[in-house]
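Source file: target.txt (compact mmCIF, C-alpha atoms and all ligand atoms)
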```
# COMPACT_ATOMS: atom_id res chain seq x y z
CA MET A 1 20.88 -97.09 -134.43
CA ASN A 2 21.27 -95.87 -137.99
CA ILE A 3 18.14 -93.95 -139.01
CA LEU A 4 17.04 -92.85 -142.45
CA ILE A 5 14.48 -90.03 -142.39
CA LEU A 6 12.52 -89.45 -145.58
CA GLY A 7 11.90 -85.73 -145.41
CA GLY A 8 10.95 -82.55 -147.13
CA THR A 9 8.69 -81.35 -144.29
CA ALA A 10 9.13 -79.12 -141.25
CA GLU A 11 8.56 -82.17 -139.03
CA ALA A 12 11.42 -84.07 -140.71
CA ARG A 13 13.69 -81.09 -140.08
CA MET A 14 12.62 -80.90 -136.42
CA LEU A 15 13.12 -84.64 -136.00
CA ALA A 16 16.62 -84.39 -137.50
CA GLU A 17 17.39 -81.56 -135.10
CA ALA A 18 16.23 -83.62 -132.12
CA LEU A 19 18.22 -86.69 -133.22
CA ALA A 20 21.42 -84.81 -134.05
CA THR A 21 22.38 -84.57 -130.39
CA ARG A 22 21.10 -87.97 -129.17
CA GLY A 23 23.66 -90.59 -128.15
CA GLY A 24 23.54 -93.98 -129.86
CA ILE A 25 21.88 -92.59 -132.98
CA ARG A 26 23.16 -91.74 -136.43
CA ALA A 27 20.63 -90.12 -138.75
CA THR A 28 20.56 -89.20 -142.43
CA LEU A 29 17.85 -87.06 -143.99
CA SER A 30 16.70 -87.77 -147.53
CA LEU A 31 15.20 -84.99 -149.67
CA ALA A 32 13.53 -85.33 -153.07
CA GLY A 33 15.65 -82.38 -154.24
CA ARG A 34 12.69 -80.29 -155.40
CA THR A 35 13.79 -76.93 -153.94
CA ALA A 36 16.91 -75.15 -155.17
CA GLN A 37 17.97 -73.98 -151.69
CA PRO A 38 16.49 -76.26 -149.05
CA ALA A 39 16.48 -75.13 -145.41
CA PRO A 40 19.64 -76.07 -143.46
CA GLN A 41 19.45 -79.42 -141.67
CA ALA A 42 21.04 -80.68 -138.46
CA VAL A 43 22.11 -84.09 -139.84
CA PRO A 44 23.80 -85.20 -143.10
CA VAL A 45 21.52 -84.90 -146.15
CA ARG A 46 21.26 -86.97 -149.32
CA LYS A 47 19.19 -85.74 -152.26
CA GLY A 48 17.20 -87.19 -155.14
CA GLY A 49 15.12 -90.28 -155.86
CA PHE A 50 16.35 -93.78 -155.00
CA GLY A 51 14.89 -95.40 -158.11
CA GLY A 52 11.66 -96.81 -156.70
CA ALA A 53 11.10 -99.21 -153.82
CA ASP A 54 13.87 -101.54 -154.99
CA GLY A 55 16.34 -98.65 -155.12
CA LEU A 56 15.36 -97.54 -151.64
CA ALA A 57 15.70 -101.11 -150.35
CA ARG A 58 19.16 -101.37 -151.95
CA TYR A 59 20.22 -98.03 -150.43
CA MET A 60 19.07 -99.11 -146.97
CA ARG A 61 20.94 -102.41 -147.17
CA GLU A 62 24.12 -100.73 -148.43
CA GLN A 63 23.97 -98.03 -145.75
CA ARG A 64 23.06 -100.54 -143.02
CA ILE A 65 19.98 -98.58 -142.05
CA SER A 66 18.31 -99.96 -138.93
CA VAL A 67 15.14 -97.85 -138.86
CA LEU A 68 13.24 -95.98 -141.57
CA ILE A 69 11.12 -92.95 -140.67
CA ASP A 70 8.73 -91.73 -143.36
CA ALA A 71 8.25 -88.06 -142.50
CA THR A 72 7.28 -86.98 -146.01
CA HIS A 73 4.45 -84.65 -147.01
CA PRO A 74 0.93 -86.15 -146.82
CA TYR A 75 0.57 -85.67 -150.59
CA ALA A 76 3.87 -87.42 -151.38
CA ALA A 77 2.12 -90.76 -151.86
CA ALA A 78 4.67 -92.39 -154.18
CA ILE A 79 7.60 -92.16 -151.77
CA SER A 80 5.39 -93.36 -148.88
CA ALA A 81 4.33 -96.40 -150.92
CA ASN A 82 7.99 -97.04 -151.78
CA ALA A 83 8.93 -96.77 -148.10
CA ALA A 84 6.32 -99.37 -147.13
CA ARG A 85 7.44 -101.75 -149.89
CA ALA A 86 11.16 -101.28 -149.18
CA ALA A 87 10.58 -101.89 -145.45
CA THR A 88 8.83 -105.17 -146.30
CA LEU A 89 11.60 -106.20 -148.71
CA THR A 90 14.39 -105.48 -146.21
CA GLU A 91 12.50 -106.24 -142.97
CA ILE A 92 13.72 -102.89 -141.66
CA PRO A 93 11.27 -101.34 -139.15
CA LEU A 94 9.29 -98.42 -140.57
CA LEU A 95 7.45 -95.68 -138.71
CA ALA A 96 5.43 -93.02 -140.53
CA LEU A 97 5.04 -89.53 -139.13
CA ARG A 98 1.65 -88.44 -140.46
CA ARG A 99 0.43 -84.95 -139.83
CA PRO A 100 -3.33 -84.98 -139.07
CA ALA A 101 -5.51 -83.36 -141.73
CA TRP A 102 -7.36 -80.10 -141.03
CA ASP A 103 -11.08 -80.35 -140.34
CA THR A 104 -13.66 -77.75 -141.29
CA VAL A 105 -14.87 -75.41 -138.58
CA ALA A 106 -17.94 -73.16 -138.58
CA GLY A 107 -17.65 -70.60 -141.35
CA ASP A 108 -15.45 -72.69 -143.66
CA GLN A 109 -16.68 -73.11 -147.23
CA TRP A 110 -14.67 -76.01 -148.55
CA ILE A 111 -15.30 -77.68 -151.88
CA GLU A 112 -13.45 -80.99 -151.70
CA VAL A 113 -12.12 -82.38 -154.98
CA ASP A 114 -10.22 -85.53 -155.91
CA ASN A 115 -7.42 -84.00 -157.95
CA VAL A 116 -6.07 -80.85 -159.64
CA GLU A 117 -8.13 -81.43 -162.81
CA ALA A 118 -11.31 -81.48 -160.70
CA ALA A 119 -10.16 -78.27 -158.98
CA VAL A 120 -9.85 -76.61 -162.43
CA GLU A 121 -13.38 -77.79 -163.32
CA SER A 122 -14.85 -76.47 -160.10
CA LEU A 123 -13.67 -72.93 -160.84
CA GLY A 124 -16.47 -72.73 -163.42
CA GLN A 125 -16.66 -70.53 -166.54
CA VAL A 126 -17.08 -67.09 -164.98
CA PRO A 127 -13.68 -65.38 -164.61
CA ARG A 128 -12.43 -65.43 -161.02
CA ARG A 129 -9.36 -64.30 -159.10
CA VAL A 130 -7.77 -67.49 -157.82
CA PHE A 131 -5.04 -68.02 -155.23
CA LEU A 132 -3.19 -71.24 -156.11
CA ALA A 133 -1.56 -72.53 -152.95
CA LEU A 134 -0.18 -75.67 -154.63
CA GLY A 135 3.29 -76.91 -155.51
CA ARG A 136 4.73 -75.25 -158.61
CA LYS A 137 4.85 -78.64 -160.36
CA GLU A 138 1.12 -79.21 -159.82
CA ILE A 139 -0.41 -76.11 -161.40
CA ALA A 140 -0.01 -76.86 -165.13
CA PRO A 141 -3.65 -78.14 -165.50
CA PHE A 142 -4.92 -74.59 -164.75
CA ALA A 143 -3.72 -73.61 -168.25
CA ALA A 144 -6.98 -75.26 -169.40
CA ALA A 145 -8.90 -72.40 -167.73
CA PRO A 146 -7.20 -69.24 -169.02
CA GLU A 147 -10.22 -67.00 -168.29
CA HIS A 148 -9.23 -66.71 -164.60
CA VAL A 149 -6.57 -64.54 -162.96
CA TYR A 150 -4.11 -66.62 -160.93
CA LEU A 151 -1.96 -65.67 -157.97
CA VAL A 152 0.70 -68.34 -157.54
CA ARG A 153 2.92 -68.59 -154.46
CA SER A 154 5.79 -71.07 -154.50
CA VAL A 155 9.20 -71.59 -152.89
CA ASP A 156 11.06 -71.55 -156.22
CA PRO A 157 10.02 -69.59 -159.34
CA VAL A 158 7.47 -71.24 -161.63
CA ASP A 159 9.46 -72.04 -164.74
CA PRO A 160 8.09 -72.19 -167.39
CA PRO A 161 5.28 -69.88 -166.27
CA LEU A 162 1.66 -71.02 -166.44
CA ALA A 163 0.35 -70.73 -170.00
CA VAL A 164 -2.42 -68.23 -169.15
CA PRO A 165 -2.67 -64.49 -169.92
CA HIS A 166 -3.13 -63.34 -166.32
CA ALA A 167 -0.89 -64.78 -163.62
CA ILE A 168 0.99 -63.14 -160.76
CA TYR A 169 3.91 -65.00 -159.17
CA LEU A 170 5.25 -64.73 -155.64
CA THR A 171 8.18 -66.68 -154.24
CA ALA A 172 8.08 -67.22 -150.49
CA ARG A 173 8.77 -69.95 -147.97
CA GLY A 174 6.32 -70.55 -145.10
CA PRO A 175 5.27 -70.43 -142.35
CA PHE A 176 2.61 -67.85 -143.23
CA SER A 177 0.43 -66.24 -140.58
CA GLU A 178 -3.30 -65.65 -140.90
CA ALA A 179 -2.73 -61.87 -140.86
CA GLU A 180 -0.14 -62.10 -143.66
CA ASP A 181 -2.36 -64.34 -145.78
CA ARG A 182 -5.44 -62.23 -145.17
CA ALA A 183 -3.54 -59.13 -146.33
CA LEU A 184 -2.37 -61.04 -149.43
CA LEU A 185 -5.89 -62.23 -150.32
CA GLU A 186 -7.28 -58.72 -149.86
CA ARG A 187 -4.48 -57.01 -151.79
CA HIS A 188 -5.04 -59.24 -154.80
CA ARG A 189 -8.85 -59.23 -154.45
CA ILE A 190 -8.86 -63.04 -154.43
CA ASP A 191 -12.29 -64.66 -154.58
CA VAL A 192 -11.36 -68.36 -154.36
CA VAL A 193 -8.42 -70.32 -152.91
CA VAL A 194 -7.15 -73.71 -154.15
CA ALA A 195 -5.23 -75.65 -151.50
CA LYS A 196 -4.08 -79.03 -150.26
CA ASN A 197 -5.14 -80.32 -146.86
CA SER A 198 -1.56 -80.28 -145.62
CA GLY A 199 -2.37 -80.12 -141.91
CA GLY A 200 -0.14 -78.43 -139.32
CA ASP A 201 0.19 -74.76 -138.48
CA ALA A 202 2.70 -73.51 -141.05
CA THR A 203 0.24 -73.15 -143.94
CA TYR A 204 -3.06 -72.86 -142.06
CA GLY A 205 -3.01 -69.06 -142.35
CA LYS A 206 -4.69 -69.07 -145.77
CA ILE A 207 -7.47 -71.36 -144.52
CA ALA A 208 -8.22 -69.16 -141.51
CA ALA A 209 -7.96 -66.03 -143.67
CA SER A 210 -10.37 -67.49 -146.26
CA ARG A 211 -12.87 -68.21 -143.48
CA ALA A 212 -12.57 -64.66 -142.14
CA LEU A 213 -13.07 -63.23 -145.63
CA HIS A 214 -15.95 -65.65 -146.46
CA LEU A 215 -14.01 -67.10 -149.40
CA PRO A 216 -14.53 -70.63 -150.71
CA VAL A 217 -11.55 -73.02 -150.60
CA ILE A 218 -11.27 -75.71 -153.26
CA MET A 219 -9.53 -78.38 -151.21
CA LEU A 220 -7.67 -81.26 -152.86
CA LYS A 221 -8.43 -84.48 -150.98
CA ARG A 222 -5.48 -86.32 -149.50
CA PRO A 223 -4.16 -89.29 -151.46
CA ALA A 224 -4.44 -92.80 -150.01
CA LEU A 225 -1.30 -93.80 -148.11
CA PRO A 226 -0.08 -97.30 -147.21
CA GLU A 227 -1.26 -98.70 -143.90
CA VAL A 228 1.86 -98.79 -141.74
CA GLU A 229 2.56 -98.05 -138.08
CA SER A 230 2.27 -94.30 -137.72
CA VAL A 231 2.29 -91.46 -135.20
CA GLU A 232 1.29 -87.81 -135.50
CA THR A 233 4.04 -85.85 -133.78
CA VAL A 234 7.83 -85.56 -133.64
CA ALA A 235 7.64 -86.23 -129.87
CA ALA A 236 5.87 -89.53 -130.57
CA VAL A 237 8.60 -90.56 -133.05
CA LEU A 238 11.25 -89.82 -130.42
CA ALA A 239 9.36 -91.88 -127.82
CA TRP A 240 9.04 -94.76 -130.32
CA LEU A 241 12.80 -94.61 -131.06
CA ASP A 242 13.65 -94.49 -127.33
CA HIS A 243 11.54 -97.57 -126.78
CA ALA A 244 13.23 -99.35 -129.71
CA LEU A 245 16.69 -98.40 -128.37
CA THR A 246 15.85 -99.62 -124.87
CA SER A 247 14.50 -102.94 -126.05
CA ALA A 248 17.52 -103.44 -128.35
CA ALA A 249 19.84 -102.71 -125.38
CA SER A 250 17.97 -105.13 -123.12
CA ARG A 251 18.32 -107.83 -125.80
CA GLY A 252 22.05 -107.01 -125.97
CA VAL A 253 21.78 -106.02 -129.66
P1 LIG B 301 6.05 -88.29 -154.57
O1 LIG B 301 5.11 -88.19 -155.69
O2 LIG B 301 5.69 -89.14 -153.41
O3 LIG B 301 7.49 -88.75 -155.02
C1 LIG B 301 7.89 -88.89 -156.37
C2 LIG B 301 9.28 -89.44 -156.37
O4 LIG B 301 10.20 -88.48 -155.84
C3 LIG B 301 9.47 -90.68 -155.48
O5 LIG B 301 9.04 -91.86 -156.13
C4 LIG B 301 10.95 -90.62 -155.20
O6 LIG B 301 11.67 -91.04 -156.35
C5 LIG B 301 11.21 -89.14 -155.07
N1 LIG B 301 11.11 -88.68 -153.67
C6 LIG B 301 10.06 -88.07 -153.05
N2 LIG B 301 10.37 -87.75 -151.80
C7 LIG B 301 11.65 -88.16 -151.61
C8 LIG B 301 12.54 -88.11 -150.50
N3 LIG B 301 12.20 -87.56 -149.33
N4 LIG B 301 13.80 -88.62 -150.67
C9 LIG B 301 14.17 -89.17 -151.86
N5 LIG B 301 13.37 -89.24 -152.94
C10 LIG B 301 12.12 -88.75 -152.81
O7 LIG B 301 6.37 -86.83 -153.99
P2 LIG B 301 6.63 -85.42 -154.74
O8 LIG B 301 6.66 -85.61 -156.22
O9 LIG B 301 7.81 -84.78 -154.08
O10 LIG B 301 5.41 -84.56 -154.28
C11 LIG B 301 4.08 -84.96 -154.34
C12 LIG B 301 3.27 -84.01 -153.49
O11 LIG B 301 3.87 -83.77 -152.22
C13 LIG B 301 3.09 -82.64 -154.10
O12 LIG B 301 1.79 -82.24 -153.72
C14 LIG B 301 4.11 -81.78 -153.38
O13 LIG B 301 3.76 -80.42 -153.37
C15 LIG B 301 4.04 -82.38 -152.00
N6 LIG B 301 5.25 -82.08 -151.23
C16 LIG B 301 6.37 -82.85 -151.37
C17 LIG B 301 7.50 -82.55 -150.63
C18 LIG B 301 8.76 -83.40 -150.75
O14 LIG B 301 9.76 -83.05 -150.12
N7 LIG B 301 8.79 -84.48 -151.53
C19 LIG B 301 7.50 -81.47 -149.75
C20 LIG B 301 6.35 -80.70 -149.65
C21 LIG B 301 5.23 -81.01 -150.40
P3 LIG B 301 12.23 -92.54 -156.50
O15 LIG B 301 11.05 -93.40 -156.78
O16 LIG B 301 13.19 -92.44 -157.64
O17 LIG B 301 12.90 -92.89 -155.21
```

As structure tokens - that is how I would like this structure written.
Amino acid sequence: MNILILGGTAEARMLAEALATRGGIRATLSLAGRTAQPAPQAVPVRKGGFGGADGLARYMREQRISVLIDATHPYAAAISANAARAATLTEIPLLALRRPAWDTVAGDQWIEVDNVEAAVESLGQVPRRVFLALGRKEIAPFAAAPEHVYLVRSVDPVDPPLAVPHAIYLTARGPFSEAEDRALLERHRIDVVVAKNSGGDATYGKIAASRALHLPVIMLKRPALPEVESVETVAAVLAWLDHALTSAASRGV
């Protein structure tokens, strides 16, 4: 079985690790190439876009891919749409690994917005101290609200910097604990957090810390993703692949 994993997430890395030692399986991990020094991976990696759904379909045919696993970030809607289209074009089975979204719990003060522009709007006119927990390529619209002070945390440096007079930049790679994030929010006297509903544990620290500190969170809603067969955990992907391998063996494929 020749598997292509579309990655860029902790789950994709864990899946690659689990598959690296399995008999009867060859796996390749595909990364968008956004981070300068991505985490080491247990299987061969290819980087960069494929050139849309047609490019991905061509790649899969050329590489004789037998199964496609979409383990991309829940906000990476374009590549997920391409995966669905390419799977249809090639008739290669596709399974999506979709991390469940976080739900509010008592004490959360979430303001859900449709996109980054709406997040900027919802900051209002009164100057605030804002923690931007977004990708470095997503924050440019905040230049339209230069009255606020921004704390920006990203894996790679924000270059060019945000065109506002008051911004503080931190480079760090998660996971981040609640204690760490609470200390960060307190140190910078943050009064509002802007975040994506990424799900999972690695970046939940800021959400729990905001709740503890009674801070509002402006939460970007998840984008719509194509309706394809999907599971929520790495273990479920492995079980799905085992089942596919067993049925292929019983058919003598
Ligand atoms: P996107 O909007 O879905 O993808 C844009 C293009 O990047 C795709 O059309 C594809 O180019 C290429 N691409 C994306 N993921 C790829 C992969 N795994 N392998 C090969 N090419 C890939 O995704 P995005 O621009 O990366 O990010 C959108 C949102 O997801 C942001 O909120 C970002 O912070 C979040 N996110 C993304 C990643 C990631 O690894 N992509 C990780 C963490 C968070 P072609 O059409 O040319 O194939």

Subject >> Distance criterion (all atoms listed in the file): nearest to Ala81 in chain A out of A:Val67, A:Leu56, A:Ile139, A:Ala212 >> reply: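 Closest candidate: A:Leu56.
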
**OP:** List all protein, DNA and RNA residues that have any atom at most 10 Å from ligand LIG 301 (chain B), counting only C-alpha atoms and all ligand atoms, and write the list as JSON, numbers by chain.
**Re:** {"A": [4, 5, 6, 7, 8, 9, 10, 12, 29, 30, 31, 32, 33, 34, 35, 38, 45, 46, 47, 48, 49, 50, 51, 52, 53, 54, 55, 56, 57, 70, 71, 72, 73, 74, 75, 76, 77, 78, 79, 80, 81, 82, 83, 116, 133, 134, 135, 136, 137, 138, 154, 195, 196, 197, 198, 220, 222, 223, 225]}

**OP:** Using all atoms listed in the file, find all polymer residues with an atom at most 10 Å away from the point (0.6, -74.5, -140.3); report them as JSON, numbers by chain.
**Re:** {"A": [10, 102, 174, 175, 176, 177, 178, 198, 199, 200, 201, 202, 203, 204, 205, 206, 207]}

Just-selected residues, C-alpha atoms written as a compact mmCIF listing (two decimals), in the coordinates of the input:
```txt
# COMPACT_ATOMS: atom_id res chain seq x y z
CA ALA A 10 9.13 -79.12 -141.25
CA TRP A 102 -7.36 -80.10 -141.03
CA GLY A 174 6.32 -70.55 -145.10
CA PRO A 175 5.27 -70.43 -142.35
CA PHE A 176 2.61 -67.85 -143.23
CA SER A 177 0.43 -66.24 -140.58
CA GLU A 178 -3.30 -65.65 -140.90
CA SER A 198 -1.56 -80.28 -145.62
CA GLY A 199 -2.37 -80.12 -141.91
CA GLY A 200 -0.14 -78.43 -139.32
CA ASP A 201 0.19 -74.76 -138.48
CA ALA A 202 2.70 -73.51 -141.05
CA THR A 203 0.24 -73.15 -143.94
CA TYR A 204 -3.06 -72.86 -142.06
CA GLY A 205 -3.01 -69.06 -142.35
CA LYS A 206 -4.69 -69.07 -145.77
CA ILE A 207 -7.47 -71.36 -144.52
```

Original post:
CA of Leu245 in chain A and CA of Glu62 in chain A are how many Å apart?
Top reply: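 So the two atoms, CA of Leu245 in chain A and CA of Glu62 in chain A, lie 21.5 Å apart.
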
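CA of Ala167 in chain A sits 18.3 Å away from CA of Ile218 in chain A.
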
**OP:** Extract, using all atoms listed in the file, all DNA, RNA and protein residues at most 9 Å from Val164 in chain A, discarding same-chain residues fewer than 6 positions from it, and format them as a ChimeraX atom specification.
**Re:** /A:142-150

Quick one: 4 Å padding each side, axis-aligned, all listed atoms of range 55-70 of chain A - centre and edge lengths in Å to one decimal, as AutoDock Vina command-line options?
```
--center_x 16.4 --center_y -97.1 --center_z -147.0 --size_x 23.4 --size_y 18.7 --size_z 24.3
```

Original post:
Mind pulling up the distance from CA of Ile25 in chain A to CA of Met1 in chain A?
Top reply: 4.8 Å

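With all atoms listed in the file as the basis for measurement, A:Leu213 is the residue among A:Leu213, A:Ala87, A:Ala119, A:Ile69 that approaches Ala179 in chain A most closely.
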
Original post:
Nearest to Leu97 in chain A: which of A:Val192, A:Ala209, A:Ala235, A:Leu151 is it, counting all atoms listed in the file?
Top reply: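 Once distances to Leu97 in chain A are computed over all atoms listed in the file, the minimum belongs to A:Ala235.
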
Original post:
Using only C-alpha atoms, which of the listed residues (A:Pro93, A:Pro165, A:Pro100, A:Pro141) sits closest to Val228 in chain A?
Top reply: A:Pro93

Original post:
Of the residues A:Asp103, A:Glu117, A:Asp156, A:Glu229, which is the one nearest to Tyr169 in chain A, using all atoms listed in the file?
Top reply: A:Asp156

Could you please fill out range 101-123 of chain A with N, CA and C atoms and send it back as a tab-separated table (two decimals), in the frame of the given file?
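This is the output file out-v7.tsv:
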```tsv
chain	number	residue	atom	x	y	z
A	101	ALA	N	-4.91	-84.29	-140.76
A	101	ALA	CA	-5.51	-83.36	-141.73
A	101	ALA	C	-6.29	-82.28	-140.97
A	102	TRP	N	-6.49	-81.12	-141.61
A	102	TRP	CA	-7.36	-80.10	-141.03
A	102	TRP	C	-8.81	-80.55	-141.19
A	103	ASP	N	-9.64	-80.13	-140.23
A	103	ASP	CA	-11.08	-80.35	-140.34
A	103	ASP	C	-11.75	-79.00	-140.54
A	104	THR	N	-12.94	-79.03	-141.14
A	104	THR	CA	-13.66	-77.75	-141.29
A	104	THR	C	-14.16	-77.29	-139.92
A	105	VAL	N	-14.24	-75.99	-139.77
A	105	VAL	CA	-14.87	-75.41	-138.58
A	105	VAL	C	-15.96	-74.47	-139.08
A	106	ALA	N	-16.82	-74.02	-138.17
A	106	ALA	CA	-17.94	-73.16	-138.58
A	106	ALA	C	-17.42	-71.97	-139.38
A	107	GLY	N	-18.06	-71.73	-140.51
A	107	GLY	CA	-17.65	-70.60	-141.35
A	107	GLY	C	-16.82	-71.01	-142.55
A	108	ASP	N	-16.23	-72.22	-142.50
A	108	ASP	CA	-15.45	-72.69	-143.66
A	108	ASP	C	-16.37	-73.04	-144.82
A	109	GLN	N	-15.93	-72.71	-146.02
A	109	GLN	CA	-16.68	-73.11	-147.23
A	109	GLN	C	-15.73	-73.91	-148.11
A	110	TRP	N	-15.58	-75.17	-147.77
A	110	TRP	CA	-14.67	-76.01	-148.55
A	110	TRP	C	-15.43	-76.75	-149.64
A	111	ILE	N	-14.79	-76.83	-150.80
A	111	ILE	CA	-15.30	-77.68	-151.88
A	111	ILE	C	-14.22	-78.74	-152.07
A	112	GLU	N	-14.50	-79.96	-151.64
A	112	GLU	CA	-13.45	-80.99	-151.70
A	112	GLU	C	-13.44	-81.66	-153.06
A	113	VAL	N	-12.26	-81.77	-153.64
A	113	VAL	CA	-12.12	-82.38	-154.98
A	113	VAL	C	-11.04	-83.46	-154.94
A	114	ASP	N	-11.12	-84.37	-155.92
A	114	ASP	CA	-10.22	-85.53	-155.91
A	114	ASP	C	-8.81	-85.22	-156.42
A	115	ASN	N	-8.72	-84.25	-157.35
A	115	ASN	CA	-7.42	-84.00	-157.95
A	115	ASN	C	-7.39	-82.59	-158.56
A	116	VAL	N	-6.24	-82.22	-159.13
A	116	VAL	CA	-6.07	-80.85	-159.64
A	116	VAL	C	-7.02	-80.60	-160.82
A	117	GLU	N	-7.23	-81.60	-161.66
A	117	GLU	CA	-8.13	-81.43	-162.81
A	117	GLU	C	-9.54	-81.09	-162.32
A	118	ALA	N	-9.98	-81.76	-161.26
A	118	ALA	CA	-11.31	-81.48	-160.70
A	118	ALA	C	-11.34	-80.07	-160.08
A	119	ALA	N	-10.23	-79.63	-159.54
A	119	ALA	CA	-10.16	-78.27	-158.98
A	119	ALA	C	-10.34	-77.25	-160.11
A	120	VAL	N	-9.72	-77.50	-161.26
A	120	VAL	CA	-9.85	-76.61	-162.43
A	120	VAL	C	-11.33	-76.54	-162.84
A	121	GLU	N	-11.95	-77.71	-162.95
A	121	GLU	CA	-13.38	-77.79	-163.32
A	121	GLU	C	-14.23	-76.96	-162.37
A	122	SER	N	-13.95	-77.08	-161.08
A	122	SER	CA	-14.85	-76.47	-160.10
A	122	SER	C	-14.72	-74.95	-160.06
A	123	LEU	N	-13.75	-74.41	-160.76
A	123	LEU	CA	-13.67	-72.93	-160.84
A	123	LEU	C	-14.82	-72.36	-161.66
```
